[in-house]
Structures are given as C-alpha cells and as structure tokens.
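S.K.: Data file work_21.txt (compact mmCIF, C-alpha atoms (C1' of nucleotides)) is appended below.
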```txt
# COMPACT_ATOMS: atom_id res chain seq x y z
CA MET Q 804 157.49 149.81 59.19
CA ILE Q 805 156.63 150.97 62.69
CA VAL Q 806 153.32 152.71 63.05
CA ASP Q 807 152.56 154.67 66.18
CA PRO Q 808 149.02 153.66 67.18
CA LYS Q 809 148.33 157.12 68.50
CA SER Q 810 149.26 158.64 65.17
CA GLU Q 811 146.79 156.26 63.51
CA GLU Q 812 144.00 157.40 65.76
CA ARG Q 813 144.91 161.02 65.33
CA LEU Q 814 144.65 160.65 61.58
CA ASP Q 815 141.29 158.93 62.00
CA ARG Q 816 139.98 161.88 63.92
CA ALA Q 817 141.56 164.51 61.71
CA PHE Q 818 140.10 163.10 58.50
CA MET Q 819 136.77 162.47 60.18
CA ALA Q 820 136.77 166.04 61.46
CA LEU Q 821 137.21 167.48 57.96
CA ALA Q 822 134.53 165.21 56.53
CA ASP Q 823 131.88 167.69 57.65
CA PRO Q 824 131.24 170.89 55.65
CA ILE Q 825 130.46 172.92 58.76
CA ARG Q 826 133.76 171.92 60.35
CA ARG Q 827 135.61 172.73 57.13
CA ARG Q 828 134.02 176.17 57.13
CA ILE Q 829 135.13 176.62 60.72
CA ILE Q 830 138.68 175.73 59.74
CA ALA Q 831 138.49 178.13 56.80
CA ARG Q 832 137.31 180.89 59.11
CA LEU Q 833 140.04 180.17 61.65
CA SER Q 834 142.73 180.30 59.00
CA ARG Q 835 142.01 184.05 58.90
CA GLY Q 836 142.37 184.43 62.64
CA SER Q 837 141.17 183.08 65.95
CA ALA Q 838 137.52 183.40 66.98
CA THR Q 839 135.12 182.64 69.81
CA VAL Q 840 132.37 180.02 69.69
CA ASN Q 841 129.73 182.70 69.24
CA GLU Q 842 131.59 184.25 66.34
CA LEU Q 843 132.06 180.87 64.74
CA ALA Q 844 128.41 179.96 65.26
CA GLU Q 845 127.05 183.16 63.72
CA PRO Q 846 127.00 182.13 60.03
CA PHE Q 847 125.27 178.84 60.75
CA GLU Q 848 121.63 178.12 61.41
CA ILE Q 849 122.23 175.37 63.90
CA SER Q 850 122.35 175.92 67.66
CA LYS Q 851 125.45 177.11 69.44
CA GLN Q 852 125.57 173.85 71.33
CA ALA Q 853 125.90 172.03 68.03
CA VAL Q 854 128.72 174.34 66.94
CA SER Q 855 130.37 173.81 70.30
CA LYS Q 856 130.29 170.07 69.65
CA HIS Q 857 131.83 170.56 66.22
CA ILE Q 858 134.64 172.52 67.83
CA GLN Q 859 135.18 169.74 70.33
CA VAL Q 860 135.54 167.31 67.46
CA LEU Q 861 138.13 169.56 65.84
CA GLU Q 862 139.93 169.95 69.15
CA GLN Q 863 140.11 166.23 69.82
CA ALA Q 864 141.49 165.80 66.32
CA GLY Q 865 144.23 168.26 67.22
CA LEU Q 866 143.18 170.64 64.47
CA VAL Q 867 142.35 173.50 66.82
CA THR Q 868 143.33 174.60 70.31
CA ARG Q 869 141.49 176.76 72.80
CA THR Q 870 142.63 179.31 75.30
CA ARG Q 871 140.81 181.31 77.90
CA ASP Q 872 140.06 185.02 77.87
CA ALA Q 873 137.71 185.79 80.76
CA GLN Q 874 134.46 183.95 79.96
CA ARG Q 875 135.41 183.61 76.32
CA ARG Q 876 137.12 180.53 74.93
CA PRO Q 877 138.85 181.65 71.75
CA VAL Q 878 139.61 178.93 69.23
CA HIS Q 879 142.85 178.84 67.24
CA LEU Q 880 143.86 176.84 64.21
CA ASN Q 881 146.64 174.28 64.67
CA ALA Q 882 148.30 174.13 61.27
CA VAL Q 883 150.70 171.40 62.37
CA GLU Q 884 147.94 168.83 62.29
CA LEU Q 885 146.85 169.97 58.84
CA GLU Q 886 150.41 169.41 57.77
CA ARG Q 887 150.31 165.84 59.07
CA MET Q 888 147.30 165.13 56.93
CA THR Q 889 148.89 166.42 53.74
CA SER Q 890 152.04 164.49 54.60
CA TRP Q 891 150.09 161.27 54.75
CA ILE Q 892 148.32 161.91 51.46
CA ASP Q 893 151.37 163.18 49.60
CA ARG Q 894 153.39 160.17 50.66
CA TYR Q 895 151.12 157.81 48.77
CA ARG Q 896 150.56 160.24 45.95
CA LEU Q 897 154.32 160.20 45.41
CA ILE Q 898 154.63 156.43 45.59
CA HIS Q 899 151.80 156.09 43.11
CA GLU Q 900 153.35 158.57 40.75
CA GLN Q 901 156.71 156.82 40.80
CA GLN Q 902 155.07 153.44 40.38
CA PHE Q 903 153.21 154.85 37.44
CA ARG Q 904 156.39 156.19 35.88
CA SER Q 905 158.36 152.98 36.21
CA LEU Q 906 155.45 151.00 34.81
CA ASP Q 907 155.39 153.37 31.90
CA ALA Q 908 159.09 152.72 31.34
CA VAL Q 909 158.50 148.96 31.35
CA LEU Q 910 155.73 149.24 28.81
CA GLY Q 911 157.89 151.48 26.66
CA ALA Q 912 160.81 149.04 26.77
CA MET Q 913 158.57 146.15 25.78
CA GLY Q 914 158.02 147.61 22.36
CA ALA Q 915 154.52 148.94 22.72
CA SER Q 916 155.36 152.29 21.27
CA ASP Q 917 152.22 154.14 22.30
CA ALA Q 918 153.46 154.92 25.85
CA ALA Q 919 150.34 156.89 26.63
CA ALA Q 920 150.50 159.07 29.72
CA PRO Q 921 146.78 158.91 30.58
CA PRO Q 922 145.76 155.96 32.75
CA SER Q 923 145.46 153.01 30.46
CA VAL Q 924 145.73 151.12 33.68
CA ASP Q 925 142.70 148.95 33.02
CA THR Q 926 144.73 146.51 30.99
CA ILE Q 927 147.41 146.13 33.63
CA LYS Q 928 147.80 142.91 35.54
CA GLU Q 929 150.06 143.65 38.40
CA LYS Q 930 152.55 140.87 38.99
CA GLU Q 931 155.67 142.91 39.21
CA GLN Q 932 156.33 145.44 42.00
CA MET R 1394 132.35 183.16 45.80
CA ILE R 1395 130.67 180.34 43.92
CA VAL R 1396 130.84 176.96 45.58
CA ASP R 1397 130.00 173.91 43.54
CA PRO R 1398 127.76 171.80 45.79
CA LYS R 1399 129.08 168.65 44.21
CA SER R 1400 132.64 169.56 45.09
CA GLU R 1401 131.52 170.03 48.71
CA GLU R 1402 129.98 166.61 48.80
CA ARG R 1403 132.95 165.05 47.10
CA LEU R 1404 135.23 166.47 49.79
CA ASP R 1405 132.86 165.18 52.47
CA ARG R 1406 133.15 161.69 51.10
CA ALA R 1407 136.88 161.83 50.44
CA PHE R 1408 137.74 162.94 53.97
CA MET R 1409 135.24 160.52 55.46
CA ALA R 1410 136.74 157.74 53.37
CA LEU R 1411 140.23 158.35 54.74
CA ALA R 1412 138.95 158.56 58.31
CA ASP R 1413 139.14 154.77 58.56
CA PRO R 1414 142.49 152.99 59.09
CA ILE R 1415 141.48 150.03 56.94
CA ARG R 1416 140.62 152.29 54.05
CA ARG R 1417 143.87 154.19 54.47
CA ARG R 1418 145.77 150.90 54.33
CA ILE R 1419 143.91 150.02 51.17
CA ILE R 1420 144.96 153.33 49.64
CA ALA R 1421 148.54 152.71 50.75
CA ARG R 1422 148.46 149.29 49.13
CA LEU R 1423 146.98 150.64 45.91
CA SER R 1424 149.65 153.30 45.65
CA ARG R 1425 152.01 150.43 44.88
CA GLY R 1426 149.80 149.04 42.15
CA SER R 1427 146.27 147.93 41.40
CA ALA R 1428 144.75 144.93 43.15
CA THR R 1429 141.62 142.80 43.34
CA VAL R 1430 139.20 142.71 46.23
CA ASN R 1431 140.57 139.36 47.38
CA GLU R 1432 144.12 140.64 47.35
CA LEU R 1433 143.10 143.75 49.24
CA ALA R 1434 141.13 141.73 51.79
CA GLU R 1435 143.97 139.32 52.51
CA PRO R 1436 145.82 141.29 55.24
CA PHE R 1437 142.64 142.01 57.19
CA GLU R 1438 140.71 139.82 59.54
CA ILE R 1439 137.31 141.11 58.59
CA SER R 1440 135.10 139.45 55.97
CA LYS R 1441 135.53 140.08 52.25
CA GLN R 1442 132.09 141.59 52.15
CA ALA R 1443 133.23 144.20 54.63
CA VAL R 1444 136.31 144.97 52.51
CA SER R 1445 134.07 145.19 49.46
CA LYS R 1446 132.02 147.80 51.27
CA HIS R 1447 135.14 149.76 52.16
CA ILE R 1448 136.12 149.78 48.51
CA GLN R 1449 132.67 151.02 47.58
CA VAL R 1450 133.11 153.88 50.01
CA LEU R 1451 136.46 154.74 48.42
CA GLU R 1452 134.93 154.49 44.96
CA GLN R 1453 132.03 156.78 45.76
CA ALA R 1454 134.53 159.25 47.16
CA GLY R 1455 136.32 159.15 43.80
CA LEU R 1456 139.52 157.90 45.40
CA VAL R 1457 139.60 154.63 43.47
CA THR R 1458 138.19 153.32 40.23
CA ARG R 1459 137.38 149.78 39.16
CA THR R 1460 137.63 147.97 35.89
CA ARG R 1461 136.68 144.51 34.77
CA ASP R 1462 138.98 141.60 33.96
CA ALA R 1463 136.88 138.46 33.53
CA GLN R 1464 135.39 137.76 36.95
CA ARG R 1465 137.91 140.00 38.67
CA ARG R 1466 137.24 143.65 39.45
CA PRO R 1467 140.68 145.22 39.86
CA VAL R 1468 140.80 148.42 41.90
CA HIS R 1469 143.02 151.35 40.95
CA LEU R 1470 144.04 154.43 42.87
CA ASN R 1471 142.79 157.77 41.58
CA ALA R 1472 145.47 160.20 42.62
CA VAL R 1473 143.56 163.18 41.26
CA GLU R 1474 141.13 163.06 44.13
CA LEU R 1475 143.97 162.83 46.63
CA GLU R 1476 145.34 165.97 45.05
CA ARG R 1477 142.02 167.76 45.58
CA MET R 1478 142.20 166.97 49.28
CA THR R 1479 145.70 168.36 49.71
CA SER R 1480 144.67 171.40 47.69
CA TRP R 1481 141.87 172.16 50.11
CA ILE R 1482 144.09 171.74 53.15
CA ASP R 1483 147.05 173.62 51.75
CA ARG R 1484 144.87 176.55 50.79
CA TYR R 1485 143.98 177.23 54.40
CA ARG R 1486 147.40 176.29 55.66
CA LEU R 1487 148.79 179.01 53.42
CA ILE R 1488 146.23 181.62 54.47
CA HIS R 1489 146.92 180.83 58.11
CA GLU R 1490 150.65 181.08 57.63
CA GLN R 1491 150.38 184.46 55.93
CA GLN R 1492 147.95 185.69 58.56
CA PHE R 1493 150.38 184.57 61.18
CA ARG R 1494 153.26 186.37 59.52
CA SER R 1495 151.42 189.68 59.16
CA LEU R 1496 150.22 189.47 62.75
CA ASP R 1497 153.77 188.89 63.78
CA ALA R 1498 154.83 191.98 61.87
CA VAL R 1499 152.13 194.07 63.55
CA LEU R 1500 153.10 192.87 66.99
CA GLY R 1501 156.70 193.50 66.24
CA ALA R 1502 155.94 197.06 65.18
CA MET R 1503 153.80 197.74 68.25
CA GLY R 1504 155.93 196.04 70.79
CA ALA R 1505 152.79 195.11 72.77
CA SER R 1506 149.88 192.73 72.26
CA ASP R 1507 146.34 194.09 72.42
CA ALA R 1508 145.09 192.57 69.20
CA ALA R 1509 142.25 190.08 69.30
CA ALA R 1510 143.62 186.76 70.47
CA PRO R 1511 147.26 186.41 69.56
CA PRO R 1512 147.82 182.68 69.39
CA SER R 1513 151.06 182.54 71.22
CA VAL R 1514 151.82 179.06 72.37
CA ASP R 1515 153.03 180.02 75.80
CA THR R 1516 149.60 181.18 76.94
CA ILE R 1517 147.93 177.89 76.23
CA LYS R 1518 146.60 176.42 79.41
CA GLU R 1519 144.62 173.27 79.07
CA LYS R 1520 144.72 170.36 76.75
CA GLU R 1521 142.32 168.04 78.48
CA GLN R 1522 139.88 165.80 76.68
C1' DT F 826 124.82 190.76 95.93
C1' DG F 827 122.05 189.65 91.85
C1' DC F 828 121.95 189.77 86.61
C1' DT F 829 123.77 189.04 82.07
C1' DT F 830 126.81 186.85 78.82
C1' DG F 831 129.64 183.06 76.87
C1' DA F 832 129.97 178.47 76.77
C1' DT F 833 129.38 173.63 78.26
C1' DC F 834 126.87 169.58 80.18
C1' DA F 835 123.10 166.16 79.96
C1' DA F 836 119.53 163.64 78.07
C1' DC F 837 117.32 162.39 74.12
C1' DC F 838 116.17 161.28 69.06
C1' DA F 839 116.69 160.17 63.95
C1' DC F 840 119.94 158.55 61.00
C1' DT F 841 124.36 156.49 59.44
C1' DT F 842 128.31 153.39 59.73
C1' DG F 843 130.93 149.06 60.14
C1' DA F 844 130.44 144.60 60.72
C1' DT F 845 128.20 140.03 60.36
C1' DT F 846 125.97 135.83 57.84
C1' DG F 847 123.52 133.74 54.02
C1' DA F 848 122.03 133.92 49.33
C1' DT F 849 123.02 135.32 44.62
C1' DT F 850 125.23 136.76 40.20
C1' DA F 851 128.83 136.10 36.69
C1' DA F 852 132.62 134.13 34.42
C1' DA F 853 136.05 130.08 33.92
C1' DG F 854 137.33 125.54 33.99
C1' DA F 855 136.37 120.40 34.33
C1' DT G 105 126.52 120.43 32.01
C1' DC G 106 128.36 120.98 37.06
C1' DT G 107 131.81 123.14 40.00
C1' DT G 108 134.82 126.59 41.45
C1' DT G 109 136.16 131.30 41.94
C1' DA G 110 135.42 136.41 42.44
C1' DA G 111 132.53 139.50 44.02
C1' DT G 112 128.13 141.66 45.27
C1' DC G 113 123.40 141.88 47.31
C1' DA G 114 120.22 141.60 51.29
C1' DA G 115 118.88 141.61 55.96
C1' DT G 116 120.27 142.54 60.40
C1' DC G 117 122.64 144.46 64.46
C1' DA G 118 125.55 147.37 67.77
C1' DA G 119 127.73 151.52 68.03
C1' DG G 120 128.52 156.18 66.61
C1' DT G 121 127.11 160.96 64.67
C1' DG G 122 124.64 165.34 64.33
C1' DG G 123 121.09 167.62 65.86
C1' DT G 124 117.68 169.35 69.45
C1' DT G 125 116.13 171.50 74.16
C1' DG G 126 116.79 172.58 79.01
C1' DA G 127 119.80 173.10 82.84
C1' DT G 128 124.22 174.51 84.58
C1' DC G 129 128.72 176.72 85.26
C1' DA G 130 131.95 180.79 85.31
C1' DA G 131 133.29 185.38 84.74
C1' DG G 132 132.27 190.22 84.31
C1' DC G 133 129.14 194.13 85.49
C1' DA G 134 125.08 196.85 87.74
```
Go through the file and emit its structure as structure tokens.

M.R.:
Amino acid sequence: MIVDPKSEERLDRAFMALADPIRRRIIARLSRGSATVNELAEPFEISKQAVSKHIQVLEQAGLVTRTRDAQRRPVHLNAVELERMTSWIDRYRLIHEQQFRSLDAVLGAMGASDAAAPPSVDTIKEKEQ
Amino acid sequence: MIVDPKSEERLDRAFMALADPIRRRIIARLSRGSATVNELAEPFEISKQAVSKHIQVLEQAGLVTRTRDAQRRPVHLNAVELERMTSWIDRYRLIHEQQFRSLDAVLGAMGASDAAAPPSVDTIKEKEQ
DNA sequence: TGCTTGATCAACCACTTGATTGATTAAAGA
DNA sequence: TCTTTAATCAATCAAGTGGTTGATCAAGCA
C-alpha cells in the first residue's frame, strides 16, 4: 500500500487543527459563509492575533483558504479537505464493521447460538484475519 | 443551542488523538481486529512505553477500549467514537454545500457578483506558507 | 500627505506532548 | 519458590502549542 508522505502530514495537520474548540467554531462559522479575521474574532475573548494564528493553523491544514479584498483577508472554508478526513475515518470504520460481521458469522457457525450483536469482543482472541 | 461540555472535550481528544500518524496506524491495525500492546508496538521503532502512552491517548479519547486476558490487555476499536467525528465534520460539510448552492442560485439570478465574498476559485491568489 | 483600519510579525511565557530510561506491578510457567 | 512475560509507572527532557503585548505593514480615506 503506497502512502503519499504529504498526505500523511496533511492529515496530521487537519486532525490537529480540529482538535481545538475555537478552530472548530471557526469552521462552523465559515460553513455558513466566508468571513474576515475581525468577524471571526468577534465572538471570542482572546486577542485578534490569537485568532489570526488559529486561522493560520487551519490554512496550513488546507481546511481554509484566504483571498484579498482591499485590506481585508476574507477566509473561506475548503470542504475538500474535510472530505479527506471523513474518507480516512470511514475507510477504517467500514473495515471494522465488515470484520465484525464476518467474525459474527464464524461464531454463529461454531454452534454458539447466542450470536449477540453488541460487542462481546472481550472474549475474542484474534488469531484469524 | 445547548452544547454538552463533555462532548466538546471528547471531540478535542478524538481529533487530537488522530493527529498523530502512529496513532492513526494503530487505529488502522485495530480495524482489522483487536491486538495487544506488544503486537501493536511491533511495527514501530519507538519503545513499548511510548506505544502504551499512545494507546492511553486513544483510550481517553474514547476511540479504543481495553479488556483483560490474564496478563494481556487487548485493545479494541470503538467505532462509535469514529462515527461521532464524521458526524461533526459532515454536519458542516452539508451546511457549506447548501450555502454554496443557494449562493450559486442567487448569483445566477443576478448575473453579477456583489455579495460578500463569493468564494470562486479563480480569484484565489496566494497559497504560500 | 497624514490618519485610520484590518491584519500580520516578533518576542516572550506557561503549559503540554512525545519520547526516553529505569523501576515496578501482575500473572503464568518452571 | 524463582523466572519470564506483559504492561504500566515515574522522572526527565526537547520540542511544540496557545496565549499575551507591542511594533509593523498595507490599503483606503480625510
């Protein structure tokens, strides 16, 4: 499986960027439309410089882009990067779900008739797979 | 809008947890089945203590759970928390997409763009770091 | 030309993170 | 019992993060 090192680092930054509640609120705000740094800083009690840094973090993660409008620097959401994050997560969610299903089938075929859906995983010793 | 503070913190930890490539590889491994700390540490060149810490981070984020099997502490993926992460992201992806669509409709009806910051890709200038 | 506004740069500080090594707990096996 | 195995705890360290204040840049406007 070939893994693009740049894609690794981009994921690092994207997840790190969303690990902060202020940055998540910024993303939430931007989902409703672009905004300037001042507008984005307004609801928060921290300095505008701090908000500016948060936006830089989001920008380097590829989650937002910035344009220029005179002395304003409007910030726009980049939904493509959000999509990359969900792709990563969903990939392993799917694998896990399928693994879970086939394990369930094995247990069912072995004669243990309970076949409980909830995770009775704690008794499982993984040797197959 | 009521926001459960614990849910905020849980998201903080979940996103932070996935911001590390080693922890993402651990999640990827666990999607294929549960494993012990030693098994999880095997592909990495860092110490087992370090891997143990990574697993603690994942556990406190709710992304994995641990059980006991004699002196082993098998680690299991908790897909529910992964689902919470995609839910958060997809929520704002959806809002953004709808916002985008309605803006598109407005622009189409007007024929000109004087709305606040239309995020058209062709006007984007810089992408420096 | 100056002045104001929007935003960033720079230096600094407290705190956290990721890693290390060495010691320790806990259960199995001889 | 003594030894091995699985894993964590404890102390420490370098590097990174999130915040501050003060200075600076860049574009309109009087």

S.K.: Please tabulate, as a Markdown table, the residues of chain Q that come within 6 Å of chain R, each with its closest pair of atoms and the distance in Å to one decimal, counting all atoms listed in the file and ordering rows by chain, then residue number upward.

M.R.:
```
| residue | atom | partner | partner_atom | distance |
| --- | --- | --- | --- | --- |
| Q:Asp815 | CA | R:Ala1412 | CA | 4.4 |
| Q:Phe818 | CA | R:Ala1412 | CA | 4.7 |
| Q:Met819 | CA | R:Ala1412 | CA | 4.9 |
| Q:Ala822 | CA | R:Asp1405 | CA | 4.4 |
| Q:Asp823 | CA | R:Asp1405 | CA | 5.8 |
| Q:Ser834 | CA | R:His1489 | CA | 4.3 |
| Q:Arg835 | CA | R:His1489 | CA | 5.9 |
| Q:Thr870 | CA | R:Ile1517 | CA | 5.6 |
| Q:Thr889 | CA | R:Thr1479 | CA | 5.5 |
| Q:Tyr895 | CA | R:Ser1424 | CA | 5.7 |
| Q:Ile898 | CA | R:Ser1424 | CA | 5.9 |
| Q:His899 | CA | R:Ser1424 | CA | 4.3 |
| Q:Asp925 | CA | R:Thr1460 | CA | 5.9 |
```

S.K.: First superpose chain Q onto chain R using a least-squares fit over all Cα atoms taken in order; then report the RMSD in Å.

M.R.: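 5.6 Å is the C-alpha RMSD between the two chains.
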
S.K.: Report the distance between C1' of DT128 (chain G) and C1' of DC838 (chain F) in Å, rounded to one decimal place.

M.R.: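 If I compute the distance from C1' of DT128 (chain G) to C1' of DC838 (chain F), I get 21.9 Å.
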
S.K.: Could you write out as a list of chain:residue names the residues of chain F within 8 Å of chain R, counting all atoms listed in the file?

M.R.: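 Interface list for chain F against chain R: F:DG843, F:DA844, F:DA851, F:DA852.
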
S.K.: At a cut-off of 12 Å, using all atoms listed in the file, what residues contact DT107 (chain G)? Leave out same-chain residues fewer than 5 positions from it and give the result as an MDAnalysis selection string.

M.R.: chainID F and resid 853:855

S.K.: One decimal, Å: what's the distance from C1' of DT846 (chain F) over to C1' of DA115 (chain G), could you say?

M.R.: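 Straight-line distance from C1' of DT846 (chain F) to C1' of DA115 (chain G) works out to 9.3 Å.
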
S.K.: With a cut-off of 8 Å and counting all atoms listed in the file, select all residues of chain G in contact with chain Q and give the selection as a PyMOL selection string.

M.R.: chain G and resi 122-123+130-132

S.K.: Record the distance separating C1' of DC133 (chain G) and C1' of DG831 (chain F), expressed in Å with one decimal.

M.R.: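 The value is 14.0 Å.
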
S.K.: When you count only C-alpha atoms (C1' of nucleotides), which of these residues is closest to DC113 (chain G): R:Val1450, R:Ser1445, R:Phe1437, R:Lys1399?

M.R.: R:Ser1445

S.K.: Take every atom of region 108-119 of chain G listed in the file, pad by 6 Å on each side, and give me the axis-aligned box centre and edge lengths in Å, one decimal, as JSON.

M.R.:
```
{"center_x": 127.5, "center_y": 139.1, "center_z": 54.7, "size_x": 29.3, "size_y": 36.9, "size_z": 38.6}
```

S.K.: So, counting all atoms listed in the file, which residue among G:DA134, G:DC117, G:DT125, G:DA111 is closest to DT845 (chain F)?

M.R.: G:DC117

S.K.: Take region 827-849 of chain F from the block and save it with N, CA, C and O atoms (P, O5', C5', C4', C3', O3' and C1' of nucleotides), as a short mmCIF file (atom, residue, chain, number, x, y, z; two decimals), in the first residue's frame.

M.R.:
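Saved the output as out_21.cif:
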```cif
data_model
loop_
_atom_site.label_atom_id
_atom_site.label_comp_id
_atom_site.auth_asym_id
_atom_site.auth_seq_id
_atom_site.Cartn_x
_atom_site.Cartn_y
_atom_site.Cartn_z
P DG F 827 3.45 64.31 6.10
"O5'" DG F 827 2.34 63.38 6.76
"C5'" DG F 827 1.93 63.72 8.06
"C4'" DG F 827 0.41 63.59 8.17
"C3'" DG F 827 0.02 62.60 9.26
"O3'" DG F 827 -0.89 63.24 10.13
"C1'" DG F 827 -1.10 62.10 7.24
P DC F 828 -1.14 62.59 11.62
"O5'" DC F 828 -2.41 61.66 11.37
"C5'" DC F 828 -3.61 62.27 10.90
"C4'" DC F 828 -4.71 61.22 10.77
"C3'" DC F 828 -4.71 60.18 11.88
"O3'" DC F 828 -6.05 59.99 12.29
"C1'" DC F 828 -4.60 59.12 9.76
P DT F 829 -6.42 59.16 13.66
"O5'" DT F 829 -7.21 57.92 13.02
"C5'" DT F 829 -8.20 58.17 12.01
"C4'" DT F 829 -8.61 56.86 11.37
"C3'" DT F 829 -8.73 55.68 12.34
"O3'" DT F 829 -9.98 55.04 12.14
"C1'" DT F 829 -7.39 55.09 10.48
P DT F 830 -10.47 53.84 13.09
"O5'" DT F 830 -10.33 52.59 12.10
"C5'" DT F 830 -10.89 52.66 10.80
"C4'" DT F 830 -10.51 51.42 10.00
"C3'" DT F 830 -10.63 50.11 10.79
"O3'" DT F 830 -11.31 49.16 9.99
"C1'" DT F 830 -8.48 50.30 9.83
P DG F 831 -11.74 47.73 10.57
"O5'" DG F 831 -10.67 46.78 9.90
"C5'" DG F 831 -10.70 46.59 8.48
"C4'" DG F 831 -9.62 45.61 8.09
"C3'" DG F 831 -9.63 44.31 8.90
"O3'" DG F 831 -9.49 43.22 8.00
"C1'" DG F 831 -7.51 45.34 9.07
P DA F 832 -9.59 41.71 8.54
"O5'" DA F 832 -8.06 41.36 8.82
"C5'" DA F 832 -7.16 41.37 7.71
"C4'" DA F 832 -5.74 41.31 8.21
"C3'" DA F 832 -5.40 40.12 9.09
"O3'" DA F 832 -4.74 39.15 8.31
"C1'" DA F 832 -4.28 42.13 9.73
P DT F 833 -4.09 37.83 8.97
"O5'" DT F 833 -2.55 38.22 9.17
"C5'" DT F 833 -1.86 38.83 8.08
"C4'" DT F 833 -0.48 39.28 8.50
"C3'" DT F 833 0.36 38.19 9.15
"O3'" DT F 833 1.61 38.15 8.47
"C1'" DT F 833 0.35 40.14 10.50
P DC F 834 2.71 37.05 8.79
"O5'" DC F 834 3.76 37.84 9.72
"C5'" DC F 834 4.25 39.08 9.24
"C4'" DC F 834 5.28 39.65 10.23
"C3'" DC F 834 6.19 38.62 10.88
"O3'" DC F 834 7.50 39.18 10.93
"C1'" DC F 834 5.05 39.83 12.55
P DA F 835 8.73 38.29 11.36
"O5'" DA F 835 8.98 38.66 12.89
"C5'" DA F 835 8.88 40.02 13.30
"C4'" DA F 835 9.32 40.15 14.74
"C3'" DA F 835 10.09 38.96 15.30
"O3'" DA F 835 11.09 39.45 16.18
"C1'" DA F 835 8.13 39.26 16.57
P DA F 836 12.25 38.52 16.72
"O5'" DA F 836 12.01 38.53 18.30
"C5'" DA F 836 11.80 39.78 18.96
"C4'" DA F 836 11.15 39.55 20.30
"C3'" DA F 836 11.76 38.42 21.14
"O3'" DA F 836 12.07 38.93 22.42
"C1'" DA F 836 9.42 38.18 21.03
P DC F 837 12.91 38.09 23.49
"O5'" DC F 837 11.79 37.49 24.43
"C5'" DC F 837 10.90 38.39 25.10
"C4'" DC F 837 9.71 37.63 25.62
"C3'" DC F 837 10.03 36.41 26.47
"O3'" DC F 837 9.74 36.70 27.82
"C1'" DC F 837 8.17 36.07 25.04
P DC F 838 10.27 35.73 29.00
"O5'" DC F 838 8.95 34.94 29.41
"C5'" DC F 838 7.76 35.67 29.72
"C4'" DC F 838 6.61 34.70 29.90
"C3'" DC F 838 6.99 33.43 30.66
"O3'" DC F 838 6.11 33.23 31.75
"C1'" DC F 838 5.88 32.90 28.62
P DA F 839 6.42 32.07 32.85
"O5'" DA F 839 5.14 31.12 32.68
"C5'" DA F 839 3.83 31.69 32.71
"C4'" DA F 839 2.82 30.61 32.34
"C3'" DA F 839 2.99 29.30 33.11
"O3'" DA F 839 1.70 28.79 33.42
"C1'" DA F 839 3.26 28.90 30.80
P DC F 840 1.53 27.39 34.19
"O5'" DC F 840 1.29 26.35 33.02
"C5'" DC F 840 0.24 26.61 32.08
"C4'" DC F 840 0.28 25.57 30.98
"C3'" DC F 840 0.39 24.13 31.49
"O3'" DC F 840 -0.73 23.41 31.02
"C1'" DC F 840 1.90 24.56 29.71
P DT F 841 -0.93 21.84 31.35
"O5'" DT F 841 -0.56 21.18 29.94
"C5'" DT F 841 -1.08 21.76 28.75
"C4'" DT F 841 -0.59 20.99 27.54
"C3'" DT F 841 -0.61 19.46 27.67
"O3'" DT F 841 -1.19 18.94 26.49
"C1'" DT F 841 1.56 20.20 27.06
P DT F 842 -1.44 17.37 26.30
"O5'" DT F 842 -0.24 16.97 25.32
"C5'" DT F 842 0.02 17.76 24.18
"C4'" DT F 842 1.16 17.17 23.37
"C3'" DT F 842 1.20 15.64 23.34
"O3'" DT F 842 1.45 15.23 22.01
"C1'" DT F 842 3.27 16.48 24.13
P DG F 843 1.41 13.71 21.56
"O5'" DG F 843 2.95 13.31 21.47
"C5'" DG F 843 3.76 13.86 20.44
"C4'" DG F 843 5.14 13.26 20.55
"C3'" DG F 843 5.14 11.73 20.64
"O3'" DG F 843 6.19 11.22 19.82
"C1'" DG F 843 6.21 12.66 22.54
P DA F 844 6.32 9.67 19.59
"O5'" DA F 844 7.54 9.26 20.53
"C5'" DA F 844 8.83 9.69 20.18
"C4'" DA F 844 9.75 9.76 21.37
"C3'" DA F 844 10.01 8.44 22.10
"O3'" DA F 844 11.04 7.70 21.47
"C1'" DA F 844 9.94 10.33 23.57
P DT F 845 11.43 6.23 22.06
"O5'" DT F 845 12.38 6.59 23.29
"C5'" DT F 845 13.56 7.36 23.08
"C4'" DT F 845 14.21 7.68 24.41
"C3'" DT F 845 14.50 6.46 25.26
"O3'" DT F 845 15.85 6.05 25.06
"C1'" DT F 845 13.48 8.20 26.57
P DT F 846 16.26 4.56 25.51
"O5'" DT F 846 16.37 4.66 27.09
"C5'" DT F 846 17.35 5.51 27.69
"C4'" DT F 846 17.22 5.47 29.20
"C3'" DT F 846 17.39 4.07 29.80
"O3'" DT F 846 18.32 4.13 30.87
"C1'" DT F 846 15.34 5.03 30.50
P DG F 847 18.84 2.80 31.56
"O5'" DG F 847 17.93 2.71 32.87
"C5'" DG F 847 17.90 3.82 33.78
"C4'" DG F 847 16.96 3.53 34.92
"C3'" DG F 847 17.05 2.10 35.48
"O3'" DG F 847 16.97 2.16 36.89
"C1'" DG F 847 14.83 2.57 34.82
P DA F 848 17.00 0.83 37.79
"O5'" DA F 848 15.52 0.79 38.42
"C5'" DA F 848 15.02 1.96 39.09
"C4'" DA F 848 13.56 1.77 39.45
"C3'" DA F 848 13.25 0.48 40.22
"O3'" DA F 848 12.38 0.78 41.29
"C1'" DA F 848 11.91 0.61 38.27
P DT F 849 11.87 -0.39 42.30
"O5'" DT F 849 10.41 -0.71 41.75
"C5'" DT F 849 9.50 0.35 41.52
"C4'" DT F 849 8.17 -0.21 41.02
"C3'" DT F 849 7.72 -1.50 41.71
"O3'" DT F 849 6.40 -1.34 42.18
"C1'" DT F 849 7.62 -1.74 39.37
#
```
